[in-house]
$ cat final_32.csv   # CSV, N, CA and C atoms
chain,number,residue,atom,x,y,z
A,1,MET,N,5.3,-8.3,28.7
A,1,MET,CA,4.1,-7.6,28.8
A,1,MET,C,2.9,-8.6,28.9
A,2,GLY,N,1.8,-8.1,29.5
A,2,GLY,CA,0.7,-9.0,29.7
A,2,GLY,C,-0.2,-9.0,28.4
A,3,TRP,N,-1.3,-9.7,28.5
A,3,TRP,CA,-2.2,-9.8,27.4
A,3,TRP,C,-2.7,-8.5,26.9
A,4,PHE,N,-3.0,-7.6,27.8
A,4,PHE,CA,-3.6,-6.3,27.4
A,4,PHE,C,-2.6,-5.2,27.1
A,5,GLY,N,-1.3,-5.5,27.3
A,5,GLY,CA,-0.3,-4.5,27.1
A,5,GLY,C,0.7,-4.9,26.0
A,6,SER,N,0.4,-6.0,25.3
A,6,SER,CA,1.4,-6.5,24.3
A,6,SER,C,1.3,-5.6,23.0
A,7,LYS,N,2.3,-5.5,22.3
A,7,LYS,CA,2.4,-4.7,21.1
A,7,LYS,C,1.8,-5.4,20.0
A,8,ASP,N,1.0,-4.7,19.2
A,8,ASP,CA,0.5,-5.2,17.9
A,8,ASP,C,0.6,-4.0,17.0
A,9,TRP,N,1.7,-3.9,16.3
A,9,TRP,CA,2.0,-2.7,15.5
A,9,TRP,C,2.1,-3.0,14.0
A,10,ASN,N,1.8,-2.0,13.3
A,10,ASN,CA,2.1,-2.0,11.8
A,10,ASN,C,3.2,-1.0,11.6
A,11,VAL,N,4.3,-1.5,11.1
A,11,VAL,CA,5.5,-0.7,10.9
A,11,VAL,C,5.5,-0.4,9.4
A,12,VAL,N,5.6,0.8,9.0
A,12,VAL,CA,5.6,1.3,7.6
A,12,VAL,C,6.8,2.0,7.3
A,13,ALA,N,7.4,1.8,6.2
A,13,ALA,CA,8.6,2.5,5.8
A,13,ALA,C,8.5,3.0,4.4
A,14,ILE,N,9.0,4.2,4.2
A,14,ILE,CA,9.1,4.7,2.8
A,14,ILE,C,10.6,4.4,2.4
A,15,ILE,N,10.7,3.7,1.3
A,15,ILE,CA,12.0,3.2,0.9
A,15,ILE,C,12.4,3.9,-0.4
A,16,PHE,N,13.7,4.4,-0.5
A,16,PHE,CA,14.2,5.0,-1.7
A,16,PHE,C,14.4,4.0,-2.8
A,17,GLU,N,13.8,4.2,-3.9
A,17,GLU,CA,14.0,3.3,-5.1
A,17,GLU,C,14.9,4.2,-6.1
A,18,ARG,N,14.4,5.4,-6.4
A,18,ARG,CA,15.1,6.3,-7.2
A,18,ARG,C,14.5,7.7,-6.9
A,19,GLY,N,15.1,8.8,-7.5
A,19,GLY,CA,14.6,10.1,-7.1
A,19,GLY,C,13.2,10.4,-7.3
A,20,ASP,N,12.5,9.7,-8.3
A,20,ASP,CA,11.1,10.0,-8.6
A,20,ASP,C,10.2,8.8,-8.3
A,21,LEU,N,10.8,7.8,-7.5
A,21,LEU,CA,10.0,6.7,-7.1
A,21,LEU,C,10.4,6.2,-5.7
A,22,PHE,N,9.5,6.2,-4.8
A,22,PHE,CA,9.7,5.6,-3.5
A,22,PHE,C,8.7,4.4,-3.4
A,23,ARG,N,9.0,3.5,-2.5
A,23,ARG,CA,8.2,2.3,-2.2
A,23,ARG,C,7.7,2.4,-0.8
A,24,VAL,N,6.5,2.0,-0.6
A,24,VAL,CA,5.9,1.9,0.8
A,24,VAL,C,5.9,0.4,1.2
A,25,ASN,N,6.6,0.1,2.2
A,25,ASN,CA,6.7,-1.3,2.7
A,25,ASN,C,6.0,-1.3,4.1
A,26,GLY,N,5.2,-2.3,4.4
A,26,GLY,CA,4.5,-2.4,5.7
A,26,GLY,C,4.6,-3.8,6.2
A,27,GLN,N,4.7,-3.9,7.5
A,27,GLN,CA,4.8,-5.2,8.1
A,27,GLN,C,4.1,-5.2,9.5
A,28,ARG,N,3.3,-6.2,9.8
A,28,ARG,CA,2.6,-6.3,11.0
A,28,ARG,C,3.5,-7.1,12.0
A,29,GLY,N,3.6,-6.7,13.2
A,29,GLY,CA,4.4,-7.4,14.2
A,29,GLY,C,3.7,-7.4,15.5
A,30,ARG,N,3.8,-8.5,16.3
A,30,ARG,CA,3.2,-8.6,17.6
A,30,ARG,C,4.3,-8.9,18.6
A,31,GLY,N,4.1,-8.4,19.8
A,31,GLY,CA,5.0,-8.6,20.9
A,31,GLY,C,6.4,-8.2,20.6
A,32,GLY,N,7.4,-9.0,21.0
A,32,GLY,CA,8.8,-8.7,20.8
A,32,GLY,C,9.2,-8.5,19.3
A,33,SER,N,8.5,-9.2,18.4
A,33,SER,CA,8.8,-9.1,17.0
A,33,SER,C,8.5,-7.8,16.5
A,34,ALA,N,7.5,-7.1,17.1
A,34,ALA,CA,7.1,-5.7,16.6
A,34,ALA,C,8.3,-4.8,16.8
A,35,THR,N,9.0,-4.9,18.0
A,35,THR,CA,10.1,-4.0,18.3
A,35,THR,C,11.3,-4.4,17.3
A,36,THR,N,11.5,-5.7,17.1
A,36,THR,CA,12.6,-6.1,16.2
A,36,THR,C,12.3,-5.6,14.8
A,37,ILE,N,11.1,-5.6,14.3
A,37,ILE,CA,10.8,-5.1,13.0
A,37,ILE,C,11.0,-3.6,12.9
A,38,ARG,N,10.6,-2.9,13.9
A,38,ARG,CA,10.8,-1.4,13.9
A,38,ARG,C,12.3,-1.1,13.9
A,39,ASP,N,13.0,-1.8,14.7
A,39,ASP,CA,14.5,-1.5,14.8
A,39,ASP,C,15.2,-1.8,13.5
A,40,ALA,N,14.8,-2.9,12.8
A,40,ALA,CA,15.4,-3.2,11.5
A,40,ALA,C,15.1,-2.2,10.5
A,41,VAL,N,13.8,-1.7,10.5
A,41,VAL,CA,13.4,-0.7,9.5
A,41,VAL,C,14.2,0.6,9.7
A,42,LYS,N,14.3,1.0,11.0
A,42,LYS,CA,15.1,2.2,11.4
A,42,LYS,C,16.5,2.2,10.8
A,43,GLN,N,17.1,1.0,10.7
A,43,GLN,CA,18.5,0.9,10.3
A,43,GLN,C,18.7,0.6,8.8
A,44,HIS,N,17.6,0.3,8.1
A,44,HIS,CA,17.8,-0.1,6.7
A,44,HIS,C,18.4,1.1,5.9
A,45,PRO,N,19.4,0.9,5.1
A,45,PRO,CA,20.1,2.0,4.5
A,45,PRO,C,19.2,2.8,3.5
A,46,ARG,N,18.1,2.2,3.0
A,46,ARG,CA,17.3,3.0,2.0
A,46,ARG,C,16.0,3.5,2.6
A,47,THR,N,15.8,3.3,3.9
A,47,THR,CA,14.6,3.9,4.6
A,47,THR,C,14.7,5.4,4.7
A,48,ILE,N,13.8,6.0,4.0
A,48,ILE,CA,13.7,7.5,4.0
A,48,ILE,C,13.0,7.9,5.3
A,49,LEU,N,11.9,7.3,5.6
A,49,LEU,CA,11.0,7.6,6.7
A,49,LEU,C,10.3,6.4,7.2
A,50,TRP,N,10.3,6.2,8.5
A,50,TRP,CA,9.6,5.0,9.0
A,50,TRP,C,8.5,5.5,10.0
A,51,GLY,N,7.5,4.6,10.3
A,51,GLY,CA,6.5,5.0,11.3
A,51,GLY,C,5.9,3.7,11.8
A,52,VAL,N,5.4,3.9,13.1
A,52,VAL,CA,4.7,2.8,13.7
A,52,VAL,C,3.2,3.2,14.0
A,53,PHE,N,2.3,2.3,13.7
A,53,PHE,CA,0.9,2.6,13.8
A,53,PHE,C,0.3,1.4,14.6
A,54,ASP,N,-0.8,1.7,15.4
A,54,ASP,CA,-1.5,0.7,16.1
A,54,ASP,C,-2.5,0.1,15.1
A,55,GLN,N,-3.3,-0.9,15.6
A,55,GLN,CA,-4.3,-1.6,14.7
A,55,GLN,C,-5.5,-0.7,14.4
A,56,LYS,N,-5.6,0.4,15.0
A,56,LYS,CA,-6.7,1.3,14.7
A,56,LYS,C,-6.3,2.5,13.8
A,57,GLY,N,-5.0,2.4,13.3
A,57,GLY,CA,-4.5,3.4,12.4
A,57,GLY,C,-3.8,4.6,13.1
A,58,ALA,N,-3.8,4.6,14.4
A,58,ALA,CA,-3.2,5.7,15.1
A,58,ALA,C,-1.7,5.7,14.9
A,59,HIS,N,-1.1,6.9,14.6
A,59,HIS,CA,0.3,7.1,14.4
A,59,HIS,C,1.0,7.2,15.7
A,60,LEU,N,1.9,6.2,16.1
A,60,LEU,CA,2.5,6.2,17.4
A,60,LEU,C,3.9,6.9,17.4
A,61,GLU,N,4.7,6.6,16.4
A,61,GLU,CA,6.0,7.3,16.3
A,61,GLU,C,6.5,7.2,14.9
A,62,SER,N,7.4,8.1,14.5
A,62,SER,CA,8.1,8.0,13.2
A,62,SER,C,9.3,8.9,13.3
A,63,ALA,N,10.2,8.6,12.3
A,63,ALA,CA,11.4,9.4,12.2
A,63,ALA,C,12.1,9.2,10.8
A,64,PRO,N,12.9,10.1,10.4
A,64,PRO,CA,13.7,9.8,9.2
A,64,PRO,C,14.7,8.7,9.4
A,65,GLY,N,15.0,8.0,8.3
A,65,GLY,CA,16.0,6.9,8.4
A,65,GLY,C,17.2,7.3,7.6
A,66,PRO,N,18.2,6.3,7.5
A,66,PRO,CA,19.4,6.6,6.7
A,66,PRO,C,19.2,7.0,5.3
A,67,GLY,N,18.2,6.5,4.6
A,67,GLY,CA,17.9,6.9,3.2
A,67,GLY,C,17.5,8.3,3.0
A,68,SER,N,17.1,9.0,4.1
A,68,SER,CA,16.7,10.4,4.0
A,68,SER,C,17.8,11.3,3.4
A,69,LYS,N,19.0,10.8,3.5
A,69,LYS,CA,20.2,11.6,3.0
A,69,LYS,C,20.2,11.5,1.4
A,70,SER,N,19.4,10.7,0.8
A,70,SER,CA,19.3,10.5,-0.6
A,70,SER,C,18.3,11.5,-1.3
A,71,ILE,N,17.6,12.3,-0.5
A,71,ILE,CA,16.6,13.2,-1.0
A,71,ILE,C,16.9,14.6,-0.5
A,72,ALA,N,16.3,15.6,-1.1
A,72,ALA,CA,16.5,17.0,-0.7
A,72,ALA,C,15.7,17.2,0.6
A,73,THR,N,16.2,18.1,1.4
A,73,THR,CA,15.6,18.4,2.7
A,73,THR,C,14.2,18.9,2.6
A,74,ALA,N,13.9,19.7,1.6
A,74,ALA,CA,12.5,20.1,1.4
A,74,ALA,C,11.6,19.0,1.0
A,75,THR,N,12.1,18.0,0.3
A,75,THR,CA,11.3,16.8,-0.1
A,75,THR,C,11.0,16.0,1.2
A,76,LEU,N,12.0,15.8,2.0
A,76,LEU,CA,11.9,15.1,3.3
A,76,LEU,C,10.8,15.8,4.2
A,77,GLN,N,10.9,17.1,4.3
A,77,GLN,CA,10.0,17.8,5.2
A,77,GLN,C,8.5,17.6,4.7
A,78,GLN,N,8.3,17.7,3.4
A,78,GLN,CA,7.0,17.5,2.9
A,78,GLN,C,6.5,16.0,3.1
A,79,LEU,N,7.4,15.1,2.9
A,79,LEU,CA,7.1,13.7,3.2
A,79,LEU,C,6.7,13.5,4.6
A,80,ILE,N,7.4,14.1,5.5
A,80,ILE,CA,7.1,14.0,7.0
A,80,ILE,C,5.7,14.5,7.2
A,81,ARG,N,5.4,15.7,6.6
A,81,ARG,CA,4.0,16.3,6.8
A,81,ARG,C,2.9,15.4,6.2
A,82,ASP,N,3.2,14.7,5.1
A,82,ASP,CA,2.2,14.0,4.4
A,82,ASP,C,2.1,12.5,4.8
A,83,PHE,N,3.1,12.0,5.6
A,83,PHE,CA,3.3,10.6,5.8
A,83,PHE,C,2.0,9.9,6.3
A,84,ALA,N,1.5,10.3,7.4
A,84,ALA,CA,0.4,9.5,8.0
A,84,ALA,C,-0.9,9.6,7.2
A,85,ALA,N,-1.1,10.6,6.4
A,85,ALA,CA,-2.3,10.8,5.6
A,85,ALA,C,-2.1,10.3,4.1
A,86,ASN,N,-0.9,9.9,3.7
A,86,ASN,CA,-0.6,9.6,2.4
A,86,ASN,C,-1.5,8.4,2.0
A,87,PRO,N,-2.2,8.5,0.8
A,87,PRO,CA,-3.1,7.4,0.4
A,87,PRO,C,-2.4,6.0,0.3
A,88,SER,N,-1.1,6.0,-0.2
A,88,SER,CA,-0.4,4.7,-0.3
A,88,SER,C,-0.1,4.1,1.1
A,89,VAL,N,0.2,5.0,2.1
A,89,VAL,CA,0.5,4.5,3.4
A,89,VAL,C,-0.8,4.0,4.0
A,90,ARG,N,-1.9,4.8,3.8
A,90,ARG,CA,-3.2,4.4,4.4
A,90,ARG,C,-3.7,3.0,3.8
A,91,GLU,N,-3.4,2.8,2.5
A,91,GLU,CA,-3.8,1.6,1.8
A,91,GLU,C,-3.0,0.4,2.4
A,92,ILE,N,-1.7,0.6,2.6
A,92,ILE,CA,-0.9,-0.4,3.3
A,92,ILE,C,-1.4,-0.7,4.7
A,93,LEU,N,-1.7,0.3,5.4
A,93,LEU,CA,-2.3,0.1,6.8
A,93,LEU,C,-3.6,-0.7,6.8
A,94,GLN,N,-4.4,-0.3,5.9
A,94,GLN,CA,-5.7,-1.0,5.8
A,94,GLN,C,-5.6,-2.5,5.5
A,95,ILE,N,-4.7,-2.9,4.7
A,95,ILE,CA,-4.4,-4.3,4.4
A,95,ILE,C,-3.8,-5.0,5.6
A,96,LEU,N,-2.9,-4.3,6.3
A,96,LEU,CA,-2.3,-4.9,7.5
A,96,LEU,C,-3.3,-5.1,8.6
A,97,GLU,N,-4.2,-4.1,8.8
A,97,GLU,CA,-5.2,-4.1,9.8
A,97,GLU,C,-6.2,-5.2,9.7
A,98,THR,N,-6.5,-5.6,8.4
A,98,THR,CA,-7.4,-6.7,8.2
A,98,THR,C,-6.9,-8.0,8.6
A,99,GLY,N,-5.5,-8.1,8.6
A,99,GLY,CA,-4.9,-9.4,9.0
A,99,GLY,C,-4.7,-10.3,7.8
A,100,LYS,N,-5.1,-9.9,6.6
A,100,LYS,CA,-5.0,-10.8,5.5
A,100,LYS,C,-3.6,-11.0,5.1
A,101,GLU,N,-2.8,-10.0,5.3
A,101,GLU,CA,-1.3,-10.1,4.9
A,101,GLU,C,-0.5,-9.5,6.1
A,102,ASP,N,0.7,-10.1,6.3
A,102,ASP,CA,1.6,-9.6,7.4
A,102,ASP,C,2.6,-8.7,6.8
A,103,LYS,N,2.8,-8.8,5.5
A,103,LYS,CA,3.8,-8.0,4.8
A,103,LYS,C,3.2,-7.5,3.5
A,104,VAL,N,3.4,-6.2,3.2
A,104,VAL,CA,2.8,-5.6,2.0
A,104,VAL,C,3.8,-4.5,1.5
A,105,SER,N,3.9,-4.5,0.1
A,105,SER,CA,4.8,-3.5,-0.5
A,105,SER,C,4.2,-3.0,-1.8
A,106,LYS,N,4.3,-1.7,-2.0
A,106,LYS,CA,3.8,-1.1,-3.3
A,106,LYS,C,4.5,0.2,-3.6
A,107,PRO,N,4.5,0.6,-4.9
A,107,PRO,CA,5.0,1.9,-5.2
A,107,PRO,C,4.2,3.0,-4.5
A,108,MET,N,4.9,4.1,-4.1
A,108,MET,CA,4.2,5.2,-3.4
A,108,MET,C,3.6,6.2,-4.5
A,109,VAL,N,2.3,6.4,-4.3
A,109,VAL,CA,1.7,7.5,-5.1
A,109,VAL,C,1.7,8.7,-4.2
A,110,TRP,N,2.4,9.8,-4.8
A,110,TRP,CA,2.6,11.0,-4.1
A,110,TRP,C,2.8,12.2,-5.0
A,111,SER,N,2.2,13.3,-4.7
A,111,SER,CA,2.4,14.5,-5.5
A,111,SER,C,3.7,15.3,-5.2
A,112,GLY,N,4.4,14.8,-4.2
A,112,GLY,CA,5.6,15.6,-3.7
A,112,GLY,C,6.9,15.2,-4.3
A,113,TYR,N,6.9,14.3,-5.3
A,113,TYR,CA,8.2,13.9,-5.9
A,113,TYR,C,8.8,15.2,-6.6
A,114,PRO,N,10.1,15.3,-6.5
A,114,PRO,CA,10.8,16.4,-7.1
A,114,PRO,C,10.5,16.4,-8.6
A,115,VAL,N,10.3,17.6,-9.1
A,115,VAL,CA,10.0,17.8,-10.6
A,115,VAL,C,11.4,17.8,-11.3
A,116,LYS,N,11.4,17.0,-12.4
A,116,LYS,CA,12.6,17.0,-13.2
A,116,LYS,C,12.7,18.2,-14.1
A,117,ARG,N,13.8,18.9,-14.1
A,117,ARG,CA,13.9,20.1,-14.9
A,117,ARG,C,14.7,19.7,-16.2
A,118,ASP,N,14.3,20.3,-17.3
A,118,ASP,CA,15.1,20.1,-18.6
A,118,ASP,C,16.3,20.9,-18.5
A,119,ALA,N,17.4,20.4,-18.9
A,119,ALA,CA,18.7,21.1,-18.9
A,119,ALA,C,18.9,22.0,-20.1
$ encode --input "final_32.csv" --output "structure tokens"
Amino acid sequence: MGWFGSKDWNVVAIIFERGDLFRVNGQRGRGGSATTIRDAVKQHPRTILWGVFDQKGAHLESAPGPGSKSIATATLQQLIRDFAANPSVREILQILETGKEDKVSKPMVWSGYPVKRDA
């Protein structure tokens, strides 16, 4: 691709840590490495949900990953709805967009975690 058509993506993944804790990982990639990063994230066994954003924060694509089988369907559906607007995802994107870091990871702050029930 030419200068004006090259990819400059922020790839964000929600990674399964445990039932009540997910992690948001983000990585900035340019050109062919952007596609490589996206494809690796799509295949990671603990990726619940992944997404690609441009440098202006626009959501380009996303889909559930192999780790989505580790959570309830209702939790996944809510995560898909909340994904692009989630404060942890937005914080990761902001860091990546500034160019200060090419890789960022932090625990996900989210109100949709399943509630533990006392037995």
$ select_by_dssp --input "final_32.csv" --residues "stretch 8-108 of chain A" --states "helix (DSSP H, G or I)" --output "number ranges by chain"
A: 32-43, 66-70, 73-85, 87-98
$ write_last_selection --input "final_32.csv" --atoms "N, CA and C atoms" --output "compact mmCIF listing (two decimals), keeping the file's coordinate frame"
# COMPACT_ATOMS: atom_id res chain seq x y z
N GLY A 32 7.40 -9.00 21.00
CA GLY A 32 8.80 -8.70 20.80
C GLY A 32 9.20 -8.50 19.30
N SER A 33 8.50 -9.20 18.40
CA SER A 33 8.80 -9.10 17.00
C SER A 33 8.50 -7.80 16.50
N ALA A 34 7.50 -7.10 17.10
CA ALA A 34 7.10 -5.70 16.60
C ALA A 34 8.30 -4.80 16.80
N THR A 35 9.00 -4.90 18.00
CA THR A 35 10.10 -4.00 18.30
C THR A 35 11.30 -4.40 17.30
N THR A 36 11.50 -5.70 17.10
CA THR A 36 12.60 -6.10 16.20
C THR A 36 12.30 -5.60 14.80
N ILE A 37 11.10 -5.60 14.30
CA ILE A 37 10.80 -5.10 13.00
C ILE A 37 11.00 -3.60 12.90
N ARG A 38 10.60 -2.90 13.90
CA ARG A 38 10.80 -1.40 13.90
C ARG A 38 12.30 -1.10 13.90
N ASP A 39 13.00 -1.80 14.70
CA ASP A 39 14.50 -1.50 14.80
C ASP A 39 15.20 -1.80 13.50
N ALA A 40 14.80 -2.90 12.80
CA ALA A 40 15.40 -3.20 11.50
C ALA A 40 15.10 -2.20 10.50
N VAL A 41 13.80 -1.70 10.50
CA VAL A 41 13.40 -0.70 9.50
C VAL A 41 14.20 0.60 9.70
N LYS A 42 14.30 1.00 11.00
CA LYS A 42 15.10 2.20 11.40
C LYS A 42 16.50 2.20 10.80
N GLN A 43 17.10 1.00 10.70
CA GLN A 43 18.50 0.90 10.30
C GLN A 43 18.70 0.60 8.80
N PRO A 66 18.20 6.30 7.50
CA PRO A 66 19.40 6.60 6.70
C PRO A 66 19.20 7.00 5.30
N GLY A 67 18.20 6.50 4.60
CA GLY A 67 17.90 6.90 3.20
C GLY A 67 17.50 8.30 3.00
N SER A 68 17.10 9.00 4.10
CA SER A 68 16.70 10.40 4.00
C SER A 68 17.80 11.30 3.40
N LYS A 69 19.00 10.80 3.50
CA LYS A 69 20.20 11.60 3.00
C LYS A 69 20.20 11.50 1.40
N SER A 70 19.40 10.70 0.80
CA SER A 70 19.30 10.50 -0.60
C SER A 70 18.30 11.50 -1.30
N THR A 73 16.20 18.10 1.40
CA THR A 73 15.60 18.40 2.70
C THR A 73 14.20 18.90 2.60
N ALA A 74 13.90 19.70 1.60
CA ALA A 74 12.50 20.10 1.40
C ALA A 74 11.60 19.00 1.00
N THR A 75 12.10 18.00 0.30
CA THR A 75 11.30 16.80 -0.10
C THR A 75 11.00 16.00 1.20
N LEU A 76 12.00 15.80 2.00
CA LEU A 76 11.90 15.10 3.30
C LEU A 76 10.80 15.80 4.20
N GLN A 77 10.90 17.10 4.30
CA GLN A 77 10.00 17.80 5.20
C GLN A 77 8.50 17.60 4.70
N GLN A 78 8.30 17.70 3.40
CA GLN A 78 7.00 17.50 2.90
C GLN A 78 6.50 16.00 3.10
N LEU A 79 7.40 15.10 2.90
CA LEU A 79 7.10 13.70 3.20
C LEU A 79 6.70 13.50 4.60
N ILE A 80 7.40 14.10 5.50
CA ILE A 80 7.10 14.00 7.00
C ILE A 80 5.70 14.50 7.20
N ARG A 81 5.40 15.70 6.60
CA ARG A 81 4.00 16.30 6.80
C ARG A 81 2.90 15.40 6.20
N ASP A 82 3.20 14.70 5.10
CA ASP A 82 2.20 14.00 4.40
C ASP A 82 2.10 12.50 4.80
N PHE A 83 3.10 12.00 5.60
CA PHE A 83 3.30 10.60 5.80
C PHE A 83 2.00 9.90 6.30
N ALA A 84 1.50 10.30 7.40
CA ALA A 84 0.40 9.50 8.00
C ALA A 84 -0.90 9.60 7.20
N ALA A 85 -1.10 10.60 6.40
CA ALA A 85 -2.30 10.80 5.60
C ALA A 85 -2.10 10.30 4.10
N PRO A 87 -2.20 8.50 0.80
CA PRO A 87 -3.10 7.40 0.40
C PRO A 87 -2.40 6.00 0.30
N SER A 88 -1.10 6.00 -0.20
CA SER A 88 -0.40 4.70 -0.30
C SER A 88 -0.10 4.10 1.10
N VAL A 89 0.20 5.00 2.10
CA VAL A 89 0.50 4.50 3.40
C VAL A 89 -0.80 4.00 4.00
N ARG A 90 -1.90 4.80 3.80
CA ARG A 90 -3.20 4.40 4.40
C ARG A 90 -3.70 3.00 3.80
N GLU A 91 -3.40 2.80 2.50
CA GLU A 91 -3.80 1.60 1.80
C GLU A 91 -3.00 0.40 2.40
N ILE A 92 -1.70 0.60 2.60
CA ILE A 92 -0.90 -0.40 3.30
C ILE A 92 -1.40 -0.70 4.70
N LEU A 93 -1.70 0.30 5.40
CA LEU A 93 -2.30 0.10 6.80
C LEU A 93 -3.60 -0.70 6.80
N GLN A 94 -4.40 -0.30 5.90
CA GLN A 94 -5.70 -1.00 5.80
C GLN A 94 -5.60 -2.50 5.50
N ILE A 95 -4.70 -2.90 4.70
CA ILE A 95 -4.40 -4.30 4.40
C ILE A 95 -3.80 -5.00 5.60
N LEU A 96 -2.90 -4.30 6.30
CA LEU A 96 -2.30 -4.90 7.50
C LEU A 96 -3.30 -5.10 8.60
N GLU A 97 -4.20 -4.10 8.80
CA GLU A 97 -5.20 -4.10 9.80
C GLU A 97 -6.20 -5.20 9.70
N THR A 98 -6.50 -5.60 8.40
CA THR A 98 -7.40 -6.70 8.20
C THR A 98 -6.90 -8.00 8.60
$ closest_residue --input "final_32.csv" --among "A:Thr98, A:Lys7, A:Phe83, A:Glu61" --to "A:Ser33" --atoms "all atoms listed in the file"
A:Lys7
$ atom_distance --input "final_32.csv" --atom1 "atom CA of A:His59" --atom2 "atom CA of A:Ala85"
9.9 Å
$ atom_distance --input "final_32.csv" --atom1 "atom CA of A:Arg81" --atom2 "atom CA of A:Arg46"
19.4 Å
